[in-house]
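A.B. asks: work.txt (compact mmCIF, C-alpha atoms) pasted underneath:
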# COMPACT_ATOMS: atom_id res chain seq x y z
CA MET A 1 169.52 -174.49 29.53
CA LYS A 2 167.61 -171.52 30.95
CA SER A 3 163.87 -171.64 31.19
CA ALA A 4 161.66 -169.13 29.44
CA VAL A 5 160.84 -167.68 32.82
CA GLY A 6 164.39 -167.34 33.89
CA ASP A 7 165.53 -165.41 30.81
CA GLY A 8 162.69 -162.83 31.03
CA ARG A 9 160.65 -164.11 28.13
CA ARG A 10 156.91 -164.80 28.51
CA PRO A 11 155.71 -168.37 27.97
CA ALA A 12 153.66 -168.89 24.84
CA ASP A 13 150.53 -169.66 26.83
CA GLU A 14 150.82 -166.72 29.22
CA GLY A 15 148.25 -164.58 27.21
CA MET A 16 147.94 -160.80 26.44
CA THR A 17 148.86 -157.95 28.74
CA LEU A 18 146.20 -155.45 29.91
CA VAL A 19 147.57 -152.78 27.57
CA GLU A 20 147.26 -155.11 24.58
CA VAL A 21 143.68 -155.93 25.57
CA VAL A 22 142.76 -152.24 25.79
CA VAL A 23 144.37 -151.52 22.42
CA ALA A 24 142.56 -154.45 20.83
CA ILE A 25 139.21 -153.37 22.26
CA THR A 26 139.80 -149.79 21.06
CA LEU A 27 140.65 -150.97 17.54
CA PHE A 28 137.59 -153.20 17.53
CA ALA A 29 135.36 -150.33 18.69
CA VAL A 30 136.71 -148.04 15.95
CA MET A 31 136.22 -150.69 13.28
CA ALA A 32 132.75 -151.53 14.60
CA GLY A 33 131.77 -147.85 14.66
CA SER A 34 132.92 -147.39 11.09
CA ILE A 35 131.02 -150.48 9.98
CA LEU A 36 127.88 -149.33 11.83
CA ALA A 37 128.17 -145.86 10.26
CA LEU A 38 128.46 -147.42 6.81
CA LEU A 39 125.47 -149.65 7.52
CA ALA A 40 123.43 -146.70 8.83
CA GLY A 41 124.32 -144.66 5.75
CA ALA A 42 123.38 -147.53 3.47
CA ILE A 43 120.07 -148.01 5.30
CA ARG A 44 119.35 -144.27 5.14
CA LEU A 45 120.20 -144.15 1.45
CA THR A 46 118.00 -147.15 0.78
CA ARG A 47 115.16 -145.58 2.74
CA ASP A 48 115.53 -142.25 0.91
CA ASP A 49 115.60 -144.07 -2.42
CA ARG A 50 112.38 -145.83 -1.45
CA PHE A 51 110.73 -142.55 -0.45
CA HIS A 52 111.91 -140.95 -3.68
CA MET A 53 110.60 -143.86 -5.74
CA GLU A 54 107.18 -143.71 -4.03
CA ALA A 55 107.06 -139.94 -4.57
CA SER A 56 107.89 -140.42 -8.25
CA ILE A 57 105.08 -142.95 -8.56
CA LEU A 58 102.61 -140.54 -6.91
CA ALA A 59 103.74 -137.67 -9.14
CA SER A 60 103.33 -139.80 -12.26
CA ARG A 61 99.92 -140.97 -10.98
CA GLU A 62 98.72 -137.38 -10.54
CA LEU A 63 99.85 -136.43 -14.03
CA GLU A 64 98.04 -139.42 -15.50
CA ILE A 65 94.84 -138.63 -13.61
CA THR A 66 95.00 -135.05 -14.88
CA ARG A 67 95.74 -136.22 -18.42
CA ASP A 68 92.80 -138.66 -18.37
CA ALA A 69 90.42 -135.96 -17.20
CA PHE A 70 91.84 -133.52 -19.76
CA ALA A 71 91.24 -135.96 -22.63
CA SER A 72 87.89 -137.23 -21.35
CA GLY A 73 84.87 -136.69 -23.54
CA VAL A 74 82.75 -136.40 -20.41
CA ARG A 75 84.91 -134.00 -18.40
CA GLY A 76 87.36 -132.34 -20.79
CA PRO A 77 90.04 -129.62 -20.56
CA THR A 78 87.87 -126.89 -19.07
CA THR A 79 87.00 -128.99 -16.01
CA ILE A 80 90.59 -129.19 -14.75
CA ASP A 81 91.01 -127.18 -11.55
CA VAL A 82 93.63 -124.59 -12.42
CA ASN A 83 96.19 -122.92 -10.18
CA GLN A 84 97.30 -124.80 -7.06
CA ALA A 85 95.61 -127.92 -5.71
CA VAL A 86 96.97 -129.91 -2.75
CA ASN A 87 96.33 -133.67 -2.63
CA PRO A 88 93.47 -133.46 -5.16
CA SER A 89 93.44 -137.21 -5.97
CA PRO A 90 93.31 -139.39 -2.82
CA LEU A 91 94.31 -143.02 -2.72
CA ALA A 92 91.66 -145.70 -2.07
CA GLY A 93 90.08 -145.00 1.31
CA GLY A 94 91.69 -141.56 1.51
CA THR A 95 90.18 -138.05 1.56
CA ALA A 96 90.79 -135.29 -0.95
CA GLY A 97 92.98 -132.58 0.54
CA GLN A 98 94.67 -134.94 3.01
CA PRO A 99 98.19 -136.44 2.58
CA LEU A 100 98.51 -139.67 0.61
CA VAL A 101 99.80 -142.33 3.02
CA VAL A 102 102.00 -145.13 1.63
CA ASP A 103 103.68 -147.55 4.08
CA ASN A 104 102.83 -145.17 6.94
CA VAL A 105 104.60 -142.27 5.21
CA PRO A 106 102.38 -139.22 4.45
CA TYR A 107 103.16 -137.69 1.04
CA THR A 108 101.93 -134.24 0.00
CA VAL A 109 101.07 -133.94 -3.69
CA THR A 110 100.81 -130.38 -5.01
CA ARG A 111 99.53 -129.89 -8.54
CA THR A 112 99.85 -126.55 -10.31
CA ALA A 113 97.91 -126.18 -13.57
CA GLN A 114 97.78 -122.99 -15.62
CA TRP A 115 96.54 -122.24 -19.10
CA SER A 116 98.94 -120.38 -21.33
CA GLU A 117 98.93 -118.53 -24.62
CA MET A 118 100.56 -120.00 -27.69
CA GLY A 119 104.12 -118.80 -28.11
CA GLN A 120 104.41 -117.31 -24.63
CA THR A 121 107.54 -118.07 -22.64
CA ALA A 122 106.72 -116.23 -19.39
CA ALA A 123 107.07 -118.33 -16.24
CA SER A 124 103.58 -117.35 -15.09
CA THR A 125 100.34 -116.99 -17.04
CA CYS A 126 99.70 -113.81 -15.04
CA ASP A 127 102.81 -112.33 -16.68
CA GLU A 128 101.42 -112.98 -20.16
CA GLY A 129 98.51 -111.22 -21.76
CA GLY A 130 97.03 -110.24 -25.09
CA SER A 131 94.19 -111.11 -27.42
CA ILE A 132 95.34 -114.66 -28.24
CA GLU A 133 93.15 -117.50 -26.95
CA LEU A 134 94.60 -119.73 -24.24
CA ALA A 135 96.03 -122.67 -26.15
CA TYR A 136 97.55 -125.24 -23.78
CA LEU A 137 97.64 -126.31 -20.15
CA ARG A 138 100.93 -126.38 -18.23
CA VAL A 139 100.85 -128.90 -15.38
CA GLN A 140 103.49 -129.37 -12.68
CA VAL A 141 103.31 -131.88 -9.82
CA ASP A 142 105.50 -131.61 -6.71
CA VAL A 143 105.61 -134.39 -4.12
CA SER A 144 107.18 -133.96 -0.67
CA TRP A 145 107.30 -136.00 2.53
CA PRO A 146 108.43 -135.54 6.17
CA GLY A 147 112.18 -135.46 6.61
CA LEU A 148 112.82 -134.05 3.16
CA GLY A 149 114.66 -131.13 4.75
CA ASP A 150 116.35 -128.71 2.37
CA ARG A 151 116.28 -131.17 -0.49
CA PRO A 152 113.89 -130.38 -3.34
CA PRO A 153 110.66 -132.37 -3.72
CA VAL A 154 110.11 -134.76 -6.59
CA THR A 155 108.87 -132.68 -9.54
CA MET A 156 107.28 -133.73 -12.82
CA SER A 157 105.67 -131.51 -15.45
CA THR A 158 103.98 -131.71 -18.81
CA VAL A 159 102.06 -129.64 -21.34
CA MET A 160 98.58 -130.65 -22.52
CA THR A 161 97.00 -129.30 -25.70
CA PRO A 162 93.26 -129.79 -26.29
CA PRO A 163 91.81 -130.55 -29.73
CA LYS A 164 90.65 -127.45 -31.59
CA GLY A 165 87.07 -126.58 -30.75
CA THR A 166 87.16 -128.36 -27.40
CA TYR A 167 86.18 -125.23 -25.50
CA SER A 168 83.99 -122.28 -26.34
CA ALA A 169 85.53 -119.48 -28.35
CA LEU A 170 83.10 -117.04 -26.69
CA THR A 171 84.86 -116.83 -23.34
CA GLY A 172 87.54 -114.71 -21.70
CA HIS A 173 89.87 -115.05 -18.77
CA ILE A 174 91.16 -113.27 -15.64
CA GLY A 175 94.73 -113.50 -14.38
CA VAL A 176 95.35 -112.12 -10.87
CA LYS A 177 98.90 -111.95 -9.51
CA VAL A 178 99.21 -111.47 -5.74
CA ILE A 179 102.51 -110.12 -4.41
CA ASP A 180 103.68 -109.28 -0.88
CA ALA A 181 105.25 -106.09 0.48
CA SER A 182 108.66 -107.03 -0.90
CA GLY A 183 107.22 -107.63 -4.38
CA ALA A 184 107.63 -111.41 -4.17
CA PRO A 185 104.88 -113.74 -5.47
CA PHE A 186 102.42 -114.69 -2.72
CA GLY A 187 101.27 -118.29 -3.09
CA GLY A 188 98.45 -119.96 -1.22
CA ARG A 189 96.11 -116.92 -1.20
CA THR A 190 92.40 -117.46 -1.88
CA VAL A 191 91.05 -115.21 -4.66
CA THR A 192 87.41 -114.86 -5.69
CA ALA A 193 85.90 -113.46 -8.88
CA THR A 194 82.22 -112.54 -8.78
CA GLY A 195 80.18 -111.66 -11.86
CA ALA A 196 76.80 -112.15 -13.48
CA SER A 197 77.52 -115.84 -14.09
CA GLY A 198 78.41 -116.57 -10.45
CA THR A 199 81.30 -116.58 -7.98
CA TYR A 200 84.52 -118.48 -8.68
CA THR A 201 87.28 -119.27 -6.19
CA GLU A 202 90.93 -120.06 -6.94
CA THR A 203 94.15 -120.32 -4.91
CA THR A 204 97.32 -118.58 -6.04
CA SER A 205 100.16 -120.85 -7.13
CA ASP A 206 103.74 -120.43 -5.99
CA ASP A 207 104.17 -117.81 -8.72
CA GLY A 208 101.41 -115.76 -7.08
CA CYS A 209 99.04 -116.31 -10.00
CA ALA A 210 95.34 -117.15 -9.76
CA LEU A 211 93.84 -117.83 -13.19
CA PHE A 212 90.10 -117.79 -13.88
CA ALA A 213 89.75 -119.43 -17.28
CA PHE A 214 86.81 -119.68 -19.69
CA LEU A 215 84.49 -117.09 -18.12
CA ALA A 216 81.47 -115.54 -19.74
CA PRO A 217 82.22 -111.96 -20.85
CA GLY A 218 81.24 -109.20 -18.45
CA THR A 219 82.30 -107.33 -15.31
CA TYR A 220 83.75 -109.25 -12.37
CA GLN A 221 84.73 -108.08 -8.90
CA VAL A 222 88.03 -109.70 -7.93
CA LYS A 223 88.95 -109.94 -4.25
CA VAL A 224 91.66 -111.48 -2.06
CA GLN A 225 90.93 -111.41 1.66
CA SER A 226 92.48 -113.07 4.73
CA VAL A 227 92.24 -112.27 8.44
CA GLY A 228 95.17 -110.14 9.54
CA TYR A 229 96.19 -109.10 6.02
CA VAL A 230 95.86 -105.76 4.21
CA ASN A 231 96.51 -104.18 0.85
CA ARG A 232 98.76 -101.16 0.31
CA ASN A 233 95.97 -98.82 1.44
CA GLY A 234 95.49 -100.68 4.72
CA ASP A 235 92.22 -102.27 3.61
CA PRO A 236 91.58 -105.87 4.79
CA ALA A 237 90.64 -106.84 1.24
CA GLY A 238 92.59 -106.38 -1.98
CA THR A 239 90.11 -105.72 -4.78
CA ALA A 240 89.97 -105.01 -8.49
CA THR A 241 87.30 -104.73 -11.17
CA ALA A 242 87.88 -106.98 -14.17
CA GLN A 243 86.39 -106.53 -17.62
CA VAL A 244 86.32 -109.93 -19.32
CA GLN A 245 86.23 -109.83 -23.10
CA VAL A 246 85.99 -112.65 -25.61
CA GLY A 247 89.34 -114.19 -26.42
CA GLN A 248 91.32 -111.96 -24.05
CA LEU A 249 93.23 -112.46 -20.81
CA TRP A 250 92.54 -109.58 -18.42
CA ARG A 251 95.40 -109.18 -15.94
CA THR A 252 96.03 -107.27 -12.72
CA THR A 253 98.40 -107.32 -9.74
CA ILE A 254 97.17 -107.05 -6.14
CA GLU A 255 99.60 -106.18 -3.36
CA TYR A 256 98.67 -108.04 -0.17
CA ASP A 257 100.54 -108.95 3.01
CA GLN A 258 100.25 -109.37 6.76
CA ALA A 259 99.36 -106.10 8.45
CA ALA A 260 101.82 -104.32 10.71
CA ALA A 261 100.96 -102.13 13.70
CA LEU A 262 102.53 -99.40 15.83
CA THR A 263 102.00 -98.90 19.57
CA ALA A 264 102.43 -95.14 19.78
CA THR A 265 103.18 -93.40 23.10
CA PHE A 266 103.22 -89.61 23.35
CA THR A 267 106.23 -88.27 25.25
CA THR A 268 107.40 -84.87 26.45
CA ALA A 269 110.17 -83.24 28.45
CA SER A 270 110.76 -84.37 32.00
CA GLY A 271 108.54 -82.54 34.48
CA TYR A 272 105.95 -81.58 31.87
CA ALA A 273 102.49 -83.17 31.56
CA LEU A 274 100.84 -84.63 28.52
CA PRO A 275 97.49 -83.13 27.42
CA THR A 276 94.56 -84.08 29.67
CA THR A 277 92.36 -84.96 26.71
CA ASN A 278 94.43 -86.23 23.83
CA ALA A 279 92.68 -86.63 20.48
CA ILE A 280 95.79 -85.62 18.56
CA PRO A 281 96.07 -87.48 15.23
CA ILE A 282 99.22 -89.46 14.56
CA ALA A 283 100.95 -88.73 11.26
CA LEU A 284 102.85 -91.39 9.33
CA GLY A 285 105.43 -90.55 6.69
CA ASN A 286 106.63 -92.69 3.80
CA SER A 287 107.41 -91.49 0.28
CA ALA A 288 105.18 -94.23 -1.16
CA LEU A 289 102.06 -92.81 0.55
CA LEU A 290 100.05 -90.98 -2.09
CA PRO A 291 99.61 -88.20 -2.90
CA SER A 292 101.77 -86.29 -0.41
CA GLY A 293 104.02 -88.92 1.17
CA SER A 294 102.17 -88.94 4.50
CA LYS A 295 98.82 -89.71 6.09
CA SER A 296 97.24 -89.10 9.50
CA VAL A 297 95.35 -91.54 11.72
CA ALA A 298 92.73 -90.32 14.19
CA GLY A 299 92.53 -91.67 17.73
CA SER A 300 92.53 -90.77 21.39
CA GLY A 301 94.67 -91.40 24.44
CA ASN A 302 98.33 -90.85 25.19
CA THR A 303 99.10 -94.45 24.23
CA ARG A 304 97.31 -96.10 21.33
CA THR A 305 97.70 -98.73 18.65
CA VAL A 306 97.78 -97.79 14.98
CA ALA A 307 96.75 -100.98 13.21
CA ASN A 308 96.28 -102.28 9.66
CA LEU A 309 99.46 -100.71 8.32
CA TRP A 310 101.04 -101.81 5.06
CA PRO A 311 104.45 -103.25 6.05
CA TYR A 312 106.67 -101.00 3.97
CA PRO A 313 110.23 -102.39 4.01
CA SER A 314 111.44 -98.78 4.45
CA GLY A 315 109.20 -98.29 7.53
CA TYR A 316 107.41 -95.16 8.75
CA GLN A 317 108.42 -91.81 10.23
CA VAL A 318 106.01 -90.76 12.98
CA TRP A 319 104.98 -87.40 14.46
CA ALA A 320 102.01 -85.82 16.27
CA GLY A 321 99.29 -83.86 14.48
CA SER A 322 97.95 -83.71 10.94
CA CYS A 323 98.43 -80.02 10.09
CA LEU A 324 101.22 -78.72 7.86
CA ASP A 325 103.41 -77.20 10.58
CA ASN A 326 103.03 -80.24 12.88
CA ASP A 327 105.47 -81.96 10.53
CA PRO A 328 109.04 -81.34 11.77
CA GLN A 329 110.13 -80.96 8.15
CA PHE A 330 107.96 -77.83 7.93
CA THR A 331 110.66 -76.04 9.93
CA ASP A 332 113.52 -78.00 8.35
CA GLN A 333 113.81 -80.29 11.37
CA ASP A 334 114.35 -84.05 11.31
CA ARG A 335 111.33 -86.35 11.59
CA GLY A 336 113.52 -89.02 13.14
CA LEU A 337 114.58 -92.42 11.89
CA PRO A 338 111.94 -94.58 10.18
CA ILE A 339 110.34 -97.27 12.33
CA THR A 340 110.68 -100.65 10.63
CA THR A 341 107.35 -102.48 10.37
CA ASP A 342 107.76 -106.10 9.34
CA PRO A 343 104.67 -108.07 8.27
CA GLY A 344 102.68 -109.34 11.25
CA THR A 345 104.61 -107.32 13.87
CA THR A 346 103.57 -104.64 16.38
CA VAL A 347 106.35 -102.12 16.99
CA PRO A 348 106.55 -99.57 19.86
CA VAL A 349 107.30 -95.94 18.97
CA ASN A 350 107.61 -92.73 20.99
CA VAL A 351 105.85 -89.65 19.59
CA PRO A 352 107.43 -86.45 20.99
CA LEU A 353 105.51 -83.29 21.90
CA GLY A 354 106.90 -79.80 22.57
CA ALA A 355 106.98 -78.55 26.18
CA ILE A 356 105.39 -75.21 27.18
CA ASP A 357 105.23 -73.20 30.44
CA VAL A 358 101.83 -71.53 30.80
CA GLN A 359 101.32 -68.61 33.21
CA GLY A 360 97.69 -67.62 33.57
CA PRO A 361 94.81 -67.32 36.00
CA ALA A 362 94.81 -69.56 39.05
CA ASN A 363 92.96 -72.88 38.82
CA ALA A 364 91.93 -72.19 35.23
CA ALA A 365 91.26 -74.70 32.44
CA ILE A 366 93.75 -74.32 29.58
CA THR A 367 93.13 -75.38 25.98
CA ALA A 368 95.20 -75.22 22.79
CA VAL A 369 93.69 -74.47 19.38
CA HIS A 370 95.37 -75.03 16.03
CA ALA A 371 94.00 -73.24 12.98
CA ALA A 372 92.85 -75.26 9.99
CA ASP A 373 95.06 -75.42 6.89
CA SER A 374 95.21 -77.37 3.63
CA ALA A 375 96.30 -80.53 5.47
CA CYS A 376 93.92 -80.31 8.47
CA ALA A 377 90.75 -78.71 7.19
CA SER A 378 89.01 -78.80 10.59
CA GLY A 379 91.91 -77.68 12.80
CA LEU A 380 92.31 -79.16 16.29
CA THR A 381 91.44 -78.27 19.90
CA ILE A 382 93.00 -80.13 22.82
CA THR A 383 92.58 -79.78 26.59
CA LEU A 384 95.96 -79.19 28.22
CA GLY A 385 94.99 -79.21 31.91
CA THR A 386 94.34 -76.81 34.80
CA THR A 387 96.71 -74.23 36.22
CA ALA A 388 97.82 -74.45 39.84
CA ALA A 389 96.99 -71.86 42.51
CA SER A 390 100.10 -70.04 41.29
CA GLY A 391 98.61 -69.86 37.79
CA LYS A 392 101.33 -72.11 36.37
CA LEU A 393 100.93 -75.20 34.15
CA LYS A 394 103.78 -77.22 32.70
CA THR A 395 102.26 -79.03 29.71
CA SER A 396 102.92 -79.96 26.07
CA VAL A 397 101.54 -79.66 22.53
CA PRO A 398 102.44 -81.01 19.08
CA PHE A 399 104.94 -78.98 17.08
CA GLY A 400 103.51 -76.00 15.23
CA THR A 401 101.75 -72.71 16.03
CA TRP A 402 99.00 -72.81 18.69
CA THR A 403 96.59 -70.41 20.32
CA ILE A 404 96.60 -71.04 24.08
CA LYS A 405 93.29 -70.13 25.76
CA SER A 406 91.83 -69.63 29.20
CA GLY A 407 88.34 -68.21 28.93
CA THR A 408 88.69 -65.01 26.91
CA LYS A 409 92.42 -64.79 27.47
CA THR A 410 94.60 -65.96 24.55
CA ALA A 411 98.22 -66.07 23.54
CA SER A 412 100.11 -67.56 20.59
CA VAL A 413 103.09 -69.88 20.78
CA THR A 414 105.17 -71.70 18.18
CA VAL A 415 106.95 -74.91 19.15
CA ALA A 416 109.49 -76.68 16.94
CA SER A 417 111.30 -79.99 17.27
CA GLY A 418 114.39 -79.61 19.45
CA ASP A 419 113.21 -76.40 21.16
CA SER A 420 113.63 -75.79 24.86
CA PRO A 421 110.32 -75.34 26.74
CA ARG A 422 108.50 -72.24 25.45
CA SER A 423 106.82 -69.70 27.76
CA VAL A 424 103.20 -68.61 27.33
CA ASN A 425 101.73 -65.69 29.33
CA LEU A 426 97.98 -65.22 29.38
CA PRO A 427 97.24 -61.56 30.17
Take the structure in the file and give it back as structure tokens.

C.D. replies:
Amino acid sequence: MKSAVGDGRRPADEGMTLVEVVVAITLFAVMAGSILALLAGAIRLTRDDRFHMEASILASRELEITRDAFASGVRGPTTIDVNQAVNPSPLAGGTAGQPLVVDNVPYTVTRTAQWSEMGQTAASTCDEGGSIELAYLRVQVDVSWPGLGDRPPVTMSTVMTPPKGTYSALTGHIGVKVIDASGAPFGGRTVTATGASGTYTETTSDDGCALFAFLAPGTYQVKVQSVGYVNRNGDPAGTATAQVQVGQLWRTTIEYDQAAALTATFTTASGYALPTTNAIPIALGNSALLPSGSKSVAGSGNTRTVANLWPYPSGYQVWAGSCLDNDPQFTDQDRGLPITTDPGTTVPVNVPLGAIDVQGPANAAITAVHAADSACASGLTITLGTTAASGKLKTSVPFGTWTIKSGTKTASVTVASGDSPRSVNLP
């Protein structure tokens, strides 16, 4: 009889080969990884469920607090802070306005409350309007927490209707909708309304609406103002005058967004100088600029910043000078591509001038004078520089027709966009 060793077979107690050990370890690692992934997913799901449950409890709590105040004989419906309020009802030991901390997790509770007219179906009170008294309060509570990511917050909402006669029938209301340069609602903006009965402050909700409810009739100045923001006219404050009447909702829309700016640099042909003293206005073109589709901005220097610009999505076309013929379109030339001005940005732009060759007296001061017209009532005088001993000066002016002067000597020159350098001889 042959032994197990002699016939090539491995004894039963010889054990596993190295390859079998490696395969076994690999299979174990794969199985362990899968089990760990399942456990991690289960733990994450359990944790998210716990966060969601706590957020639901906080949302329900905020609705109940609002409902209690609404129905209270001491406080009542008119005492509810309308529009957007963040963390208005702190937990024990907490502070109003700060996150509500539960098991070391900070939750943000945002309550939006807006009065609405009976029978209205508009998403925002600021989109309603008429002579019907505000009849019920729409309340929505959103609760979010760190790590929520792209998932929506927990949201709960309700409608509260006060008993008839709860509030005075001798009041009126103001609805202010704030939108940005793209026309989208601008939430989180502080709006004030000032009238004979005092100053009231509200914050726009996500729908851009700030509602001032139950005001005494009269005239109110409404204003939204934030550092670094402007209205369509470039003013740091967006304003309106409201006329509050009994039983009516007065509405308006204020456009407001982060200001844009341009860093403008005057340029000219190679070898030609820029004016020595440059107080040339910079003109901005956009069809939305009323009444003519353009405006000019005064300033000085060959490089300057034009600030507090409304960030038109279509941008601005830019040229030098404020008179009619300074505009390249006056001679059917192209103003150039619009410069895009996004909210909060400062964009560089080159402002071209036309090159001229002046021949005049030696070492003489040369100026350029533009006559006044319907667009530049006062005209413009700029200092171009001083001629060399040869009487020559290579300089530049904005497009248009200019009178070039040296003492009593004068000559006229017209420069258009795209022209080669023009010659000017002073007799």

A.B. asks: Need the shell around region 149-161 of chain A: protein/DNA/RNA residues with any atom at most 9 Å away, counting only C-alpha atoms. Skip same-chain ones fewer than 4 positions apart. Format as a PyMOL selection string?

C.D. replies: chain A and resi 52+55-56+59-60+63+67+70+77+135-145

A.B. asks: Which polymer residues, whether protein, DNA or RNA, lie within 10 Å of the coordinate (106.2, -67.7, 32.8) when you count only C-alpha atoms? List them as a PDB file with C-alpha atoms, in the frame of the given file, using the chain letters and numbers from the file.

C.D. replies:
ATOM      1  CA  ILE A 356     105.390 -75.210  27.180  1.00  0.00           C
ATOM      2  CA  ASP A 357     105.230 -73.200  30.440  1.00  0.00           C
ATOM      3  CA  VAL A 358     101.830 -71.530  30.800  1.00  0.00           C
ATOM      4  CA  GLN A 359     101.320 -68.610  33.210  1.00  0.00           C
ATOM      5  CA  GLY A 360      97.690 -67.620  33.570  1.00  0.00           C
ATOM      6  CA  GLY A 391      98.610 -69.860  37.790  1.00  0.00           C
ATOM      7  CA  LYS A 392     101.330 -72.110  36.370  1.00  0.00           C
ATOM      8  CA  LEU A 393     100.930 -75.200  34.150  1.00  0.00           C
ATOM      9  CA  LYS A 394     103.780 -77.220  32.700  1.00  0.00           C
ATOM     10  CA  ARG A 422     108.500 -72.240  25.450  1.00  0.00           C
ATOM     11  CA  SER A 423     106.820 -69.700  27.760  1.00  0.00           C
ATOM     12  CA  VAL A 424     103.200 -68.610  27.330  1.00  0.00           C
ATOM     13  CA  ASN A 425     101.730 -65.690  29.330  1.00  0.00           C
ATOM     14  CA  LEU A 426      97.980 -65.220  29.380  1.00  0.00           C
TER      15      LEU A 426
END

A.B. asks: With distances taken over all atoms listed in the file, which residue among A:Tyr229, A:Trp402, A:Tyr107, A:Trp310 lies nearest Phe51 (chain A)?

C.D. replies: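 Checking each of A:Tyr229, A:Trp402, A:Tyr107, A:Trp310 against Phe51 (chain A), counting all atoms listed in the file, the winner is A:Tyr107.
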
A.B. asks: Name the residues within 6 Å of (87.3, -115.8, -19.6), counting all atoms listed in the file in the file's coordinates, and put them as a compact mmCIF listing (two decimals) with C-alpha atoms, in the coordinates of the input.

C.D. replies:
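New file part_0.txt:
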# COMPACT_ATOMS: atom_id res chain seq x y z
CA THR A 171 84.86 -116.83 -23.34
CA GLY A 172 87.54 -114.71 -21.70
CA HIS A 173 89.87 -115.05 -18.77
CA ALA A 213 89.75 -119.43 -17.28
CA PHE A 214 86.81 -119.68 -19.69
CA LEU A 215 84.49 -117.09 -18.12
CA ALA A 216 81.47 -115.54 -19.74
CA VAL A 244 86.32 -109.93 -19.32

A.B. asks: To one decimal place in Å, what is the distance between CA of Gly293 (chain A) and CA of Ser420 (chain A)?

C.D. replies: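 Rounded to one decimal, the two atoms are 28.7 Å apart.
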
A.B. asks: Just to confirm, what's the straight-line distance from CA of Gln329 (chain A) to CA of Ser294 (chain A) in Å (one decimal)?

C.D. replies: 11.8 Å

A.B. asks: Provide the CA of Ala242 (chain A) to CA of Thr110 (chain A) distance in Å, to one decimal place.

C.D. replies: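 Value for the CA of Ala242 (chain A)-CA of Thr110 (chain A) distance: 28.3 Å.
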
A.B. asks: Can you take the partial region 252-265 of chain A, add N, CA and C atoms, and return it as a PDB file, keeping the file's coordinate frame?

C.D. replies:
ATOM      1  N   THR A 252      95.778-108.310 -13.698  1.00  0.00           N
ATOM      2  CA  THR A 252      96.030-107.270 -12.720  1.00  0.00           C
ATOM      3  C   THR A 252      96.963-107.826 -11.639  1.00  0.00           C
ATOM      4  N   THR A 253      97.554-106.928 -10.869  1.00  0.00           N
ATOM      5  CA  THR A 253      98.400-107.320  -9.740  1.00  0.00           C
ATOM      6  C   THR A 253      97.816-106.702  -8.475  1.00  0.00           C
ATOM      7  N   ILE A 254      97.677-107.515  -7.436  1.00  0.00           N
ATOM      8  CA  ILE A 254      97.170-107.050  -6.140  1.00  0.00           C
ATOM      9  C   ILE A 254      98.285-107.217  -5.107  1.00  0.00           C
ATOM     10  N   GLU A 255      98.613-106.119  -4.440  1.00  0.00           N
ATOM     11  CA  GLU A 255      99.600-106.180  -3.360  1.00  0.00           C
ATOM     12  C   GLU A 255      98.867-106.539  -2.064  1.00  0.00           C
ATOM     13  N   TYR A 256      99.376-107.536  -1.348  1.00  0.00           N
ATOM     14  CA  TYR A 256      98.670-108.040  -0.170  1.00  0.00           C
ATOM     15  C   TYR A 256      99.668-108.701   0.763  1.00  0.00           C
ATOM     16  N   ASP A 257      99.585-108.366   2.057  1.00  0.00           N
ATOM     17  CA  ASP A 257     100.540-108.950   3.010  1.00  0.00           C
ATOM     18  C   ASP A 257      99.975-108.825   4.418  1.00  0.00           C
ATOM     19  N   GLN A 258     100.643-109.487   5.367  1.00  0.00           N
ATOM     20  CA  GLN A 258     100.250-109.370   6.760  1.00  0.00           C
ATOM     21  C   GLN A 258     100.366-107.929   7.228  1.00  0.00           C
ATOM     22  N   ALA A 259      99.351-107.471   7.962  1.00  0.00           N
ATOM     23  CA  ALA A 259      99.360-106.100   8.450  1.00  0.00           C
ATOM     24  C   ALA A 259     100.410-105.919   9.538  1.00  0.00           C
ATOM     25  N   ALA A 260     100.945-104.717   9.611  1.00  0.00           N
ATOM     26  CA  ALA A 260     101.820-104.320  10.710  1.00  0.00           C
ATOM     27  C   ALA A 260     101.068-103.347  11.600  1.00  0.00           C
ATOM     28  N   ALA A 261     101.597-103.070  12.786  1.00  0.00           N
ATOM     29  CA  ALA A 261     100.960-102.130  13.700  1.00  0.00           C
ATOM     30  C   ALA A 261     102.031-101.392  14.502  1.00  0.00           C
ATOM     31  N   LEU A 262     101.669-100.198  14.964  1.00  0.00           N
ATOM     32  CA  LEU A 262     102.530 -99.400  15.830  1.00  0.00           C
ATOM     33  C   LEU A 262     101.810 -99.163  17.161  1.00  0.00           C
ATOM     34  N   THR A 263     102.509 -99.328  18.272  1.00  0.00           N
ATOM     35  CA  THR A 263     102.000 -98.900  19.570  1.00  0.00           C
ATOM     36  C   THR A 263     102.657 -97.568  19.877  1.00  0.00           C
ATOM     37  N   ALA A 264     101.892 -96.499  19.684  1.00  0.00           N
ATOM     38  CA  ALA A 264     102.430 -95.140  19.780  1.00  0.00           C
ATOM     39  C   ALA A 264     102.207 -94.581  21.189  1.00  0.00           C
ATOM     40  N   THR A 265     103.260 -94.028  21.775  1.00  0.00           N
ATOM     41  CA  THR A 265     103.180 -93.400  23.100  1.00  0.00           C
ATOM     42  C   THR A 265     103.671 -91.970  22.995  1.00  0.00           C
TER      43      THR A 265
END
